[in-house]
Amino acid sequence: MTFQEYLDYFEQILASPQDYDPYGDEEYFNYTKLNWSRMNRWLKRFEPNDEMKNLIASITEQQHWIVITEPWCGDAAHSVAQLYQMVKNNPNIDFEIQLRDAAPFLIDDYLTDGGKSIPKLIIRNDVGHDKIIWGPRPQALQAIFSSMKQEGTTFEEIKETMQKWYNEDKGEEIQRELIDVLS
C-alpha cells in the first residue's frame with residue numbers, strides 16, 4: 001500500500017478496532033492509539049538533515065523502498081514516519097508499505113535473529129534486487145534492546161528506555177545509518 005493508504009488503514013483501525021484483528025484487544029488498541037500520536041508528531045516535526053536531503057535528491061535511478069510494518073509496532077511509529085519524510089519528494093523512489101501480518105508475508109524472508117521484528121526496510125533497485133536491508137531499529141538502539149532483554153529487564157522498562165532514546169535521538173541515527181549504506 002502507499003503511505004497514504006497506510007495512514008487510512010491506521011485511521012480505520014482507530015475508528016473500528018473490533019473489525020481488525022488484533023486491535024479488538026485493548027492492549028494492542030492502546031499501543032496503536034499511542035503510535036498514531038507518535039507517528040503524526042514525527043510527520044509534523046521531523047525534517048531530514050541536509051546531508052540526507054542531498055543524498056536522497058541525488059538518487060536518479062528508480063528505487064523501490066518497501067517497509068514492512070504494523071500500526072501496533074512502537075518502533076515503527078518513529079521510523080516509518082521518518083523514512084517517509086526522507087524520501088517523499090524524490091519521484092524516483094517508490095515508497096511502499098507492506099503489513100507484516102498479512103499476505104504475502106514478505107517478513108518471512110527478512111527475519112531478525114529468527115524473529116519477525118519490524119519495521120524492516122528493503123531497498124530494491126529497478127529490477128527488483130535487494131540493495132539494502134535495514135531494521136528493525138537503529139543499531140545503537142538494537143544493542144540497548146538486546147542487552148536489556150538479555151539482562152531480563154521488564155518489557156515496560158525496555159519500552160520506556162526505547163521511547164526516551166527515540167525522542168532524544170530525533171531521527172539522527174537512522175539517517176547516519178542510511179547515509180552510510182547509500183553513499
# chains A, B, ... in the order shown; residues from 1 in each chain; ligands from 1

$ select_by_dssp --residues "chain A" --states "strand (DSSP E or B)" --output "ChimeraX atom specification"
/A:63-69,93-99,112,115,120-124,130-134

$ residues_around --residues "Lys88 of chain A" --least-positions-apart "6" --cutoff "10 Å" --atoms "only C-alpha atoms" --output "list in words"
Phe3, Ile56, Asp94 and Phe95 of chain A

$ write_last_selection --atoms "N, CA and C atoms" --output "PDB file, in the first residue's frame"
ATOM      1  N   PHE A   3       1.883   5.095   1.312  1.00  0.00           N
ATOM      2  CA  PHE A   3       1.930   5.643   2.662  1.00  0.00           C
ATOM      3  C   PHE A   3       0.557   6.204   3.050  1.00  0.00           C
ATOM      4  N   ILE A  56      19.371  11.874  -0.883  1.00  0.00           N
ATOM      5  CA  ILE A  56      18.110  11.406  -1.472  1.00  0.00           C
ATOM      6  C   ILE A  56      17.849  12.133  -2.790  1.00  0.00           C
ATOM      7  N   ASP A  94       9.957   4.783  -5.114  1.00  0.00           N
ATOM      8  CA  ASP A  94       8.618   4.272  -4.872  1.00  0.00           C
ATOM      9  C   ASP A  94       8.598   3.759  -3.435  1.00  0.00           C
ATOM     10  N   PHE A  95       7.784   4.363  -2.589  1.00  0.00           N
ATOM     11  CA  PHE A  95       7.723   4.029  -1.164  1.00  0.00           C
ATOM     12  C   PHE A  95       6.466   3.208  -0.911  1.00  0.00           C
TER      13      PHE A  95
END

$ closest_residue --among "A:Tyr84, A:Phe105, A:Tyr20, A:Trp65" --to "Ile133 of chain A" --atoms "only C-alpha atoms"
A:Trp65

$ atom_distance --atom1 "atom CA of Leu178 of chain A" --atom2 "atom CA of Arg100 of chain A"
21.8 Å

$ closest_residue --among "A:Asn90, A:Ile144, A:Tyr6, A:Gly24" --to "Gln62 of chain A" --atoms "only C-alpha atoms"
A:Asn90

$ decode --residues "segment 103-129 of chain A" --atoms "N, CA, C and O atoms" --output "PDB file, in the first residue's frame"
ATOM      1  N   ALA A 103      -0.818 -11.407   4.011  1.00  0.00           N
ATOM      2  CA  ALA A 103      -0.187 -11.934   2.795  1.00  0.00           C
ATOM      3  C   ALA A 103       0.324 -10.770   1.964  1.00  0.00           C
ATOM      4  O   ALA A 103      -0.308  -9.715   1.949  1.00  0.00           O
ATOM      5  N   PRO A 104       1.503 -10.867   1.361  1.00  0.00           N
ATOM      6  CA  PRO A 104       2.239 -12.085   1.057  1.00  0.00           C
ATOM      7  C   PRO A 104       3.293 -12.488   2.096  1.00  0.00           C
ATOM      8  O   PRO A 104       4.142 -13.326   1.808  1.00  0.00           O
ATOM      9  N   PHE A 105       3.259 -11.946   3.293  1.00  0.00           N
ATOM     10  CA  PHE A 105       4.163 -12.324   4.385  1.00  0.00           C
ATOM     11  C   PHE A 105       5.638 -12.196   3.980  1.00  0.00           C
ATOM     12  O   PHE A 105       6.444 -13.090   4.220  1.00  0.00           O
ATOM     13  N   LEU A 106       5.957 -11.068   3.393  1.00  0.00           N
ATOM     14  CA  LEU A 106       7.329 -10.775   2.971  1.00  0.00           C
ATOM     15  C   LEU A 106       8.313 -10.866   4.137  1.00  0.00           C
ATOM     16  O   LEU A 106       9.476 -11.210   3.946  1.00  0.00           O
ATOM     17  N   ILE A 107       7.835 -10.596   5.346  1.00  0.00           N
ATOM     18  CA  ILE A 107       8.710 -10.625   6.523  1.00  0.00           C
ATOM     19  C   ILE A 107       9.416 -11.964   6.670  1.00  0.00           C
ATOM     20  O   ILE A 107      10.534 -12.029   7.192  1.00  0.00           O
ATOM     21  N   ASP A 108       8.800 -13.045   6.199  1.00  0.00           N
ATOM     22  CA  ASP A 108       9.413 -14.370   6.333  1.00  0.00           C
ATOM     23  C   ASP A 108      10.782 -14.450   5.655  1.00  0.00           C
ATOM     24  O   ASP A 108      11.605 -15.287   6.020  1.00  0.00           O
ATOM     25  N   ASP A 109      11.039 -13.564   4.708  1.00  0.00           N
ATOM     26  CA  ASP A 109      12.334 -13.526   4.020  1.00  0.00           C
ATOM     27  C   ASP A 109      13.320 -12.561   4.670  1.00  0.00           C
ATOM     28  O   ASP A 109      14.464 -12.457   4.221  1.00  0.00           O
ATOM     29  N   TYR A 110      12.895 -11.851   5.711  1.00  0.00           N
ATOM     30  CA  TYR A 110      13.732 -10.811   6.317  1.00  0.00           C
ATOM     31  C   TYR A 110      13.677 -10.871   7.842  1.00  0.00           C
ATOM     32  O   TYR A 110      13.429  -9.872   8.520  1.00  0.00           O
ATOM     33  N   LEU A 111      13.930 -12.039   8.379  1.00  0.00           N
ATOM     34  CA  LEU A 111      13.867 -12.236   9.827  1.00  0.00           C
ATOM     35  C   LEU A 111      15.074 -11.602  10.518  1.00  0.00           C
ATOM     36  O   LEU A 111      16.151 -11.474   9.936  1.00  0.00           O
ATOM     37  N   THR A 112      14.883 -11.228  11.760  1.00  0.00           N
ATOM     38  CA  THR A 112      15.954 -10.705  12.607  1.00  0.00           C
ATOM     39  C   THR A 112      16.167 -11.704  13.728  1.00  0.00           C
ATOM     40  O   THR A 112      15.267 -11.907  14.547  1.00  0.00           O
ATOM     41  N   ASP A 113      17.324 -12.343  13.746  1.00  0.00           N
ATOM     42  CA  ASP A 113      17.610 -13.370  14.755  1.00  0.00           C
ATOM     43  C   ASP A 113      16.477 -14.393  14.851  1.00  0.00           C
ATOM     44  O   ASP A 113      16.092 -14.807  15.942  1.00  0.00           O
ATOM     45  N   GLY A 114      15.913 -14.755  13.702  1.00  0.00           N
ATOM     46  CA  GLY A 114      14.853 -15.755  13.645  1.00  0.00           C
ATOM     47  C   GLY A 114      13.463 -15.217  13.927  1.00  0.00           C
ATOM     48  O   GLY A 114      12.479 -15.950  13.839  1.00  0.00           O
ATOM     49  N   GLY A 115      13.352 -13.925  14.279  1.00  0.00           N
ATOM     50  CA  GLY A 115      12.054 -13.334  14.612  1.00  0.00           C
ATOM     51  C   GLY A 115      11.556 -12.369  13.547  1.00  0.00           C
ATOM     52  O   GLY A 115      12.317 -11.885  12.706  1.00  0.00           O
ATOM     53  N   LYS A 116      10.277 -12.069  13.616  1.00  0.00           N
ATOM     54  CA  LYS A 116       9.625 -11.191  12.637  1.00  0.00           C
ATOM     55  C   LYS A 116       9.618  -9.741  13.118  1.00  0.00           C
ATOM     56  O   LYS A 116       8.594  -9.059  13.094  1.00  0.00           O
ATOM     57  N   SER A 117      10.778  -9.256  13.541  1.00  0.00           N
ATOM     58  CA  SER A 117      10.895  -7.902  14.079  1.00  0.00           C
ATOM     59  C   SER A 117      10.658  -6.859  12.986  1.00  0.00           C
ATOM     60  O   SER A 117      11.148  -6.988  11.867  1.00  0.00           O
ATOM     61  N   ILE A 118       9.903  -5.831  13.360  1.00  0.00           N
ATOM     62  CA  ILE A 118       9.592  -4.741  12.435  1.00  0.00           C
ATOM     63  C   ILE A 118       9.815  -3.411  13.129  1.00  0.00           C
ATOM     64  O   ILE A 118       9.871  -3.379  14.360  1.00  0.00           O
ATOM     65  N   PRO A 119       9.944  -2.341  12.359  1.00  0.00           N
ATOM     66  CA  PRO A 119       9.842  -2.254  10.909  1.00  0.00           C
ATOM     67  C   PRO A 119      11.103  -2.774  10.225  1.00  0.00           C
ATOM     68  O   PRO A 119      12.180  -2.786  10.806  1.00  0.00           O
ATOM     69  N   LYS A 120      10.931  -3.152   9.001  1.00  0.00           N
ATOM     70  CA  LYS A 120      12.034  -3.629   8.183  1.00  0.00           C
ATOM     71  C   LYS A 120      11.962  -2.876   6.868  1.00  0.00           C
ATOM     72  O   LYS A 120      10.915  -2.815   6.231  1.00  0.00           O
ATOM     73  N   LEU A 121      13.076  -2.269   6.477  1.00  0.00           N
ATOM     74  CA  LEU A 121      13.172  -1.540   5.210  1.00  0.00           C
ATOM     75  C   LEU A 121      13.982  -2.368   4.237  1.00  0.00           C
ATOM     76  O   LEU A 121      15.089  -2.801   4.556  1.00  0.00           O
ATOM     77  N   ILE A 122      13.416  -2.568   3.049  1.00  0.00           N
ATOM     78  CA  ILE A 122      14.129  -3.242   1.965  1.00  0.00           C
ATOM     79  C   ILE A 122      14.200  -2.248   0.811  1.00  0.00           C
ATOM     80  O   ILE A 122      13.162  -1.753   0.359  1.00  0.00           O
ATOM     81  N   ILE A 123      15.410  -1.945   0.382  1.00  0.00           N
ATOM     82  CA  ILE A 123      15.590  -1.041  -0.762  1.00  0.00           C
ATOM     83  C   ILE A 123      16.011  -1.901  -1.945  1.00  0.00           C
ATOM     84  O   ILE A 123      17.030  -2.590  -1.891  1.00  0.00           O
ATOM     85  N   ARG A 124      15.191  -1.843  -2.985  1.00  0.00           N
ATOM     86  CA  ARG A 124      15.450  -2.634  -4.191  1.00  0.00           C
ATOM     87  C   ARG A 124      15.744  -1.720  -5.361  1.00  0.00           C
ATOM     88  O   ARG A 124      15.213  -0.617  -5.464  1.00  0.00           O
ATOM     89  N   ASN A 125      16.566  -2.234  -6.276  1.00  0.00           N
ATOM     90  CA  ASN A 125      16.857  -1.466  -7.485  1.00  0.00           C
ATOM     91  C   ASN A 125      15.717  -1.622  -8.481  1.00  0.00           C
ATOM     92  O   ASN A 125      14.702  -2.263  -8.191  1.00  0.00           O
ATOM     93  N   ASP A 126      15.902  -1.052  -9.675  1.00  0.00           N
ATOM     94  CA  ASP A 126      14.830  -1.020 -10.666  1.00  0.00           C
ATOM     95  C   ASP A 126      14.458  -2.393 -11.219  1.00  0.00           C
ATOM     96  O   ASP A 126      13.406  -2.538 -11.841  1.00  0.00           O
ATOM     97  N   VAL A 127      15.282  -3.409 -11.004  1.00  0.00           N
ATOM     98  CA  VAL A 127      14.940  -4.755 -11.475  1.00  0.00           C
ATOM     99  C   VAL A 127      14.578  -5.689 -10.309  1.00  0.00           C
ATOM    100  O   VAL A 127      14.503  -6.900 -10.475  1.00  0.00           O
ATOM    101  N   GLY A 128      14.360  -5.104  -9.131  1.00  0.00           N
ATOM    102  CA  GLY A 128      13.860  -5.880  -8.007  1.00  0.00           C
ATOM    103  C   GLY A 128      14.874  -6.595  -7.154  1.00  0.00           C
ATOM    104  O   GLY A 128      14.510  -7.422  -6.319  1.00  0.00           O
ATOM    105  N   HIS A 129      16.158  -6.285  -7.327  1.00  0.00           N
ATOM    106  CA  HIS A 129      17.181  -6.907  -6.476  1.00  0.00           C
ATOM    107  C   HIS A 129      17.375  -6.087  -5.203  1.00  0.00           C
ATOM    108  O   HIS A 129      17.474  -4.868  -5.253  1.00  0.00           O
TER     109      HIS A 129
END
